[in-house]
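Below: one structure, written as structure tokens.
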Amino acid sequence: MLLDTNSAASIAEMAALIRTEDSSLNTMQLTPVGAFQSRTVTLQTLMREVTESLAEAFRRRPAQDFPMLYFACGKARVGSTALSNLFGMTGMPSYYQPLKAMLRDAMVGQPLTPWIIPSTADQPNLFSKETIGPYVIAESLFNPLKLLIDAGYPPHRLHLIALDREPASALASWLDKLISRASENTLLAHYIIAALSAARVSSYARQQGVPVTHYVYEVSKEPIASVRVLFDRLGLSASFAEDAVTSWQQPGQEHGSNARVIFPSEAAIYKVPNLHTSDSAYRFQPRATGAVTSAQLELLERCGVNDVYRASVAACIGDLGLNAAASSRLFGERAGVAA
């Protein structure tokens with residue numbers, strides 16, 4: 001289908017295709033979008049090109065040489081960068097969306113630089129985060145976990161950390177931080193696509209036998225307790241340190257920094273001023289939602305975005321073993337959590 005970002009009906013039709021995992025999503029023609037995409041191409045072709053590049057680096061490695069990869073994935077603007085910094089502060093190599101960087105190169109016909117991962121002997125554990133969206137349909141639909149598995153990363157060496165964030169807050173962040181790169185209607189449409197696509201990644205992980213832990217941004221309201229439980233769930237209890245949560249600032253530094261976070265090379269168009277907040281600790285950052293209109297909120301409900309979030313919250317409560325009191329404090333009535 002041809003998505004009309006100015007039409008709520010067209011966006012809802014696209015949302016229905018995503019929820020039913022319609023195969024036409026893989027073969028529809030995606031037309032150029034300014035500096036972000038210079039080719040007319042299908043998602044299927046882009047996924048194949050990235051997979052083939054990754055496979056060049058993976059295919060000669062025995063399964064035991066792949067580190068355990070804790071792979072965080074969600075729609076954009078769900079606190080994933082702060083989580084990357086947190087994992088890096090524990091001493092673990094932490095990668096900043098290496099697969100989406102490859103996809104973006106493919107969209108403009110650039111040669112792909114494969115993600116070269118260290119050997120298990122050098123680094124037994126890795127963290128990587130990928131976000132879905134925001135600027136074009138391809139990066140709002142792609143499944144980064146499928147790229148890894150199709151390229152040969154052993155599923156038993158993967159653990160998906162499924163990220164989410166309260167829908168109105170996340171959309172408000174898109175509209176505030178990304179409006180210099182895309183129109184409001186485009187961001188709204190791509191936000192809905194990305195939110196629904198993120199849920200598909202979790203379903204795919206379960207189909208492939210990859211363990212899934214749901215980690216919803218609102219749990220960072222109680223950061224030490226939530227991160228401790230997350231690390232316990234991941235089997236990383238020995239790597240947990242309160243300082244990695246509370247103290248990112250080194251003597252003589254104005255802001256926390258982390259040399260263990262590994263960034264890809266990306267085009268200047270992706271360098272958005274003030275996209276990420278400098279902070280000295282891992283913590284919840286509230287987002288005002290007053291700028292989100294009632295029509296936009298209605299479309300989130302109509303397209304199933306709120307349903308995805310409610311399912312994420314329920315899964316997060318179960319995965320982290322949150323009791324009723326903690327669930328109510330963190331999520332409240334908006335997520336349908338009873339006190």
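Residues in the structure tokens are named by chain (A, B, ... in the order shown) and by number from 1 within that chain; ligands are numbered from 1 in the order shown.
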
Checklist line | A:Tyr95 surroundings by only C-alpha atoms, 10 Å radius, close-in-sequence under 4 positions cut, as a PyMOL selection string | finding: chain A and resi 71+81+84-85+87-88+99+115+117+126-130+260-264

Item checked: Residues within 6 Å of stretch 34-45 of chain A, only C-alpha atoms, excluding chain neighbours under 4 positions, as a list in words -> Asn26, Thr27, Met28, Gln29, Leu30, Met107, Val108 and Ala138 of chain A

Note to self: Based on the backbone DSSP call, show me all residues of stretch 46-278 of chain A assigned alpha helix (DSSP H), as number ranges by chain.
What the structure shows: A: 46-58, 80-89, 98-107, 137-141, 144-151, 167-177, 184-207, 223-234, 242-246

Next item on the list: Enter the distance from atom CA of A:Val292 to atom CA of A:Gly304, in Å, rounded to one decimal.
Entry: 17.0 Å

Margin query: Write out as a ChimeraX atom specification the set of residues from stretch 7-234 of chain A that DSSP, computed on the backbone, places in strand (DSSP E or B).
Written below: /A:30,33,37,41,68-75,94-96,125-132,158-164,212-216

File dump, residues just selected, N, CA and C atoms, as a short mmCIF file (atom, residue, chain, number, x, y, z; two decimals), in the first residue's frame:
```cif
data_model
loop_
_atom_site.label_atom_id
_atom_site.label_comp_id
_atom_site.auth_asym_id
_atom_site.auth_seq_id
_atom_site.Cartn_x
_atom_site.Cartn_y
_atom_site.Cartn_z
N LEU A 30 9.32 1.13 -1.40
CA LEU A 30 9.59 2.26 -0.51
C LEU A 30 10.34 3.31 -1.30
N VAL A 33 13.37 9.32 0.26
CA VAL A 33 12.97 10.32 1.25
C VAL A 33 14.17 11.22 1.53
N GLN A 37 16.90 8.42 2.38
CA GLN A 37 16.76 7.25 1.50
C GLN A 37 16.80 7.73 0.06
N VAL A 41 13.20 0.93 -3.08
CA VAL A 41 13.64 -0.39 -2.67
C VAL A 41 12.59 -1.00 -1.75
N MET A 68 27.66 -13.90 24.66
CA MET A 68 26.26 -13.75 25.06
C MET A 68 25.88 -12.30 24.82
N LEU A 69 24.87 -12.09 23.97
CA LEU A 69 24.49 -10.73 23.58
C LEU A 69 23.14 -10.37 24.21
N TYR A 70 23.17 -9.37 25.06
CA TYR A 70 21.96 -8.82 25.66
C TYR A 70 21.49 -7.70 24.74
N PHE A 71 20.40 -7.97 24.03
CA PHE A 71 20.00 -7.19 22.86
C PHE A 71 18.74 -6.42 23.19
N ALA A 72 18.87 -5.12 23.44
CA ALA A 72 17.72 -4.29 23.79
C ALA A 72 17.12 -3.68 22.54
N CYS A 73 15.80 -3.73 22.44
CA CYS A 73 15.13 -3.24 21.22
C CYS A 73 13.76 -2.68 21.57
N GLY A 74 13.43 -1.55 20.97
CA GLY A 74 12.12 -0.95 21.13
C GLY A 74 11.96 0.20 20.16
N LYS A 75 10.80 0.80 20.15
CA LYS A 75 10.60 2.01 19.36
C LYS A 75 11.58 3.07 19.86
N SER A 94 29.27 -1.92 24.98
CA SER A 94 27.88 -1.53 24.76
C SER A 94 27.78 -0.83 23.40
N TYR A 95 27.03 -1.43 22.48
CA TYR A 95 26.97 -0.96 21.10
C TYR A 95 25.70 -0.15 20.85
N TYR A 96 25.86 0.95 20.13
CA TYR A 96 24.77 1.88 19.84
C TYR A 96 24.26 1.63 18.42
N ASN A 125 30.41 -11.27 27.41
CA ASN A 125 29.09 -10.65 27.40
C ASN A 125 29.14 -9.32 26.65
N LEU A 126 28.11 -9.07 25.83
CA LEU A 126 27.97 -7.81 25.12
C LEU A 126 26.56 -7.27 25.34
N PHE A 127 26.45 -5.94 25.24
CA PHE A 127 25.14 -5.29 25.19
C PHE A 127 25.05 -4.52 23.88
N SER A 128 23.89 -4.55 23.27
CA SER A 128 23.64 -3.73 22.09
C SER A 128 22.21 -3.26 22.12
N LYS A 129 21.99 -2.03 21.68
CA LYS A 129 20.62 -1.54 21.59
C LYS A 129 20.30 -1.14 20.16
N GLU A 130 19.06 -1.41 19.77
CA GLU A 130 18.54 -1.00 18.49
C GLU A 130 17.19 -0.33 18.71
N THR A 131 16.95 0.78 18.01
CA THR A 131 15.66 1.43 18.07
C THR A 131 15.00 1.39 16.70
N ILE A 132 13.68 1.31 16.72
CA ILE A 132 12.90 1.20 15.50
C ILE A 132 12.27 2.56 15.20
N LEU A 158 21.63 -15.30 22.58
CA LEU A 158 20.92 -14.03 22.56
C LEU A 158 19.90 -13.96 23.69
N HIS A 159 19.70 -12.78 24.22
CA HIS A 159 18.62 -12.52 25.17
C HIS A 159 18.04 -11.15 24.80
N LEU A 160 16.77 -11.12 24.40
CA LEU A 160 16.13 -9.88 24.00
C LEU A 160 15.61 -9.13 25.23
N ILE A 161 15.99 -7.86 25.34
CA ILE A 161 15.41 -6.96 26.34
C ILE A 161 14.41 -6.09 25.57
N ALA A 162 13.14 -6.38 25.72
CA ALA A 162 12.09 -5.70 24.96
C ALA A 162 11.72 -4.40 25.68
N LEU A 163 11.98 -3.27 25.03
CA LEU A 163 11.78 -1.96 25.63
C LEU A 163 10.45 -1.35 25.20
N ASP A 164 9.89 -0.55 26.08
CA ASP A 164 8.68 0.19 25.73
C ASP A 164 8.60 1.42 26.64
N VAL A 212 13.15 -13.64 26.41
CA VAL A 212 12.71 -12.25 26.34
C VAL A 212 12.49 -11.73 27.76
N THR A 213 13.04 -10.56 28.05
CA THR A 213 12.73 -9.84 29.28
C THR A 213 12.17 -8.48 28.89
N HIS A 214 10.96 -8.19 29.33
CA HIS A 214 10.34 -6.90 29.06
C HIS A 214 10.78 -5.89 30.12
N TYR A 215 11.24 -4.75 29.63
CA TYR A 215 11.74 -3.70 30.52
C TYR A 215 11.14 -2.39 30.04
N VAL A 216 10.16 -1.90 30.76
CA VAL A 216 9.41 -0.71 30.37
C VAL A 216 10.01 0.51 31.06
#
```

Notebook entry, point to check: Residues at most 12 Å from A:Glu21, counting only C-alpha atoms, excluding those fewer than 4 positions away in the same chain, as a PyMOL selection string?
Noted result: chain A and resi 14-17+25-26+141+193+196-197+199-201+203-204

Check: Could you work out how far atom CA of A:Ala170 lies from atom CA of A:Tyr191, giving the answer in Å with one decimal?
Finding: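 One can read the atom CA of A:Tyr191 to atom CA of A:Ala170 distance as 8.7 Å.
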
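Using only C-alpha atoms, the shortest contact distance between A:Gly152 and any of A:Asp4, A:Glu166, A:Asp65, A:Asp22 is found at A:Asp65.
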
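We find atom CA of A:Leu83 and atom CA of A:Lys221 to be spaced 13.4 Å apart.
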
Checklist line | Contacts of A:Val50 within 9 Å, only C-alpha atoms, excl. fewer than 2 positions in-chain, as a VMD selection string | finding: chain A and resid 45 to 48 52 to 55 99 102 to 103 106 112 114 147 151

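Closest to A:Ser280 among A:Met89, A:Leu3, A:Val78, A:Leu188 is A:Met89, based on only C-alpha atoms.
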
Notebook entry, point to check: Neighbours of A:Thr246 within 9 Å (only C-alpha atoms; same-chain residues fewer than 6 positions away dropped), as a list in words?
Noted result: Pro223, Ile224, Ser280, Ala281, Tyr282 and Arg283 of chain A

Produce a file of the selected residues containing N, CA and C atoms, as a compact mmCIF listing (two decimals), in the first residue's frame.
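Below is the file selection_13.txt, written as the result:
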```
# COMPACT_ATOMS: atom_id res chain seq x y z
N PRO A 223 15.25 3.39 40.03
CA PRO A 223 16.30 2.85 39.17
C PRO A 223 17.15 1.75 39.81
N ILE A 224 17.56 1.91 41.03
CA ILE A 224 18.45 0.90 41.61
C ILE A 224 17.73 -0.44 41.74
N SER A 280 24.19 12.48 34.93
CA SER A 280 25.26 11.90 35.74
C SER A 280 24.84 10.58 36.37
N ALA A 281 23.65 10.10 36.02
CA ALA A 281 23.14 8.86 36.59
C ALA A 281 22.02 8.32 35.71
N TYR A 282 21.67 7.05 35.96
CA TYR A 282 20.53 6.44 35.28
C TYR A 282 19.28 6.80 36.06
N ARG A 283 18.35 7.48 35.42
CA ARG A 283 17.16 7.93 36.13
C ARG A 283 16.01 8.18 35.14
```
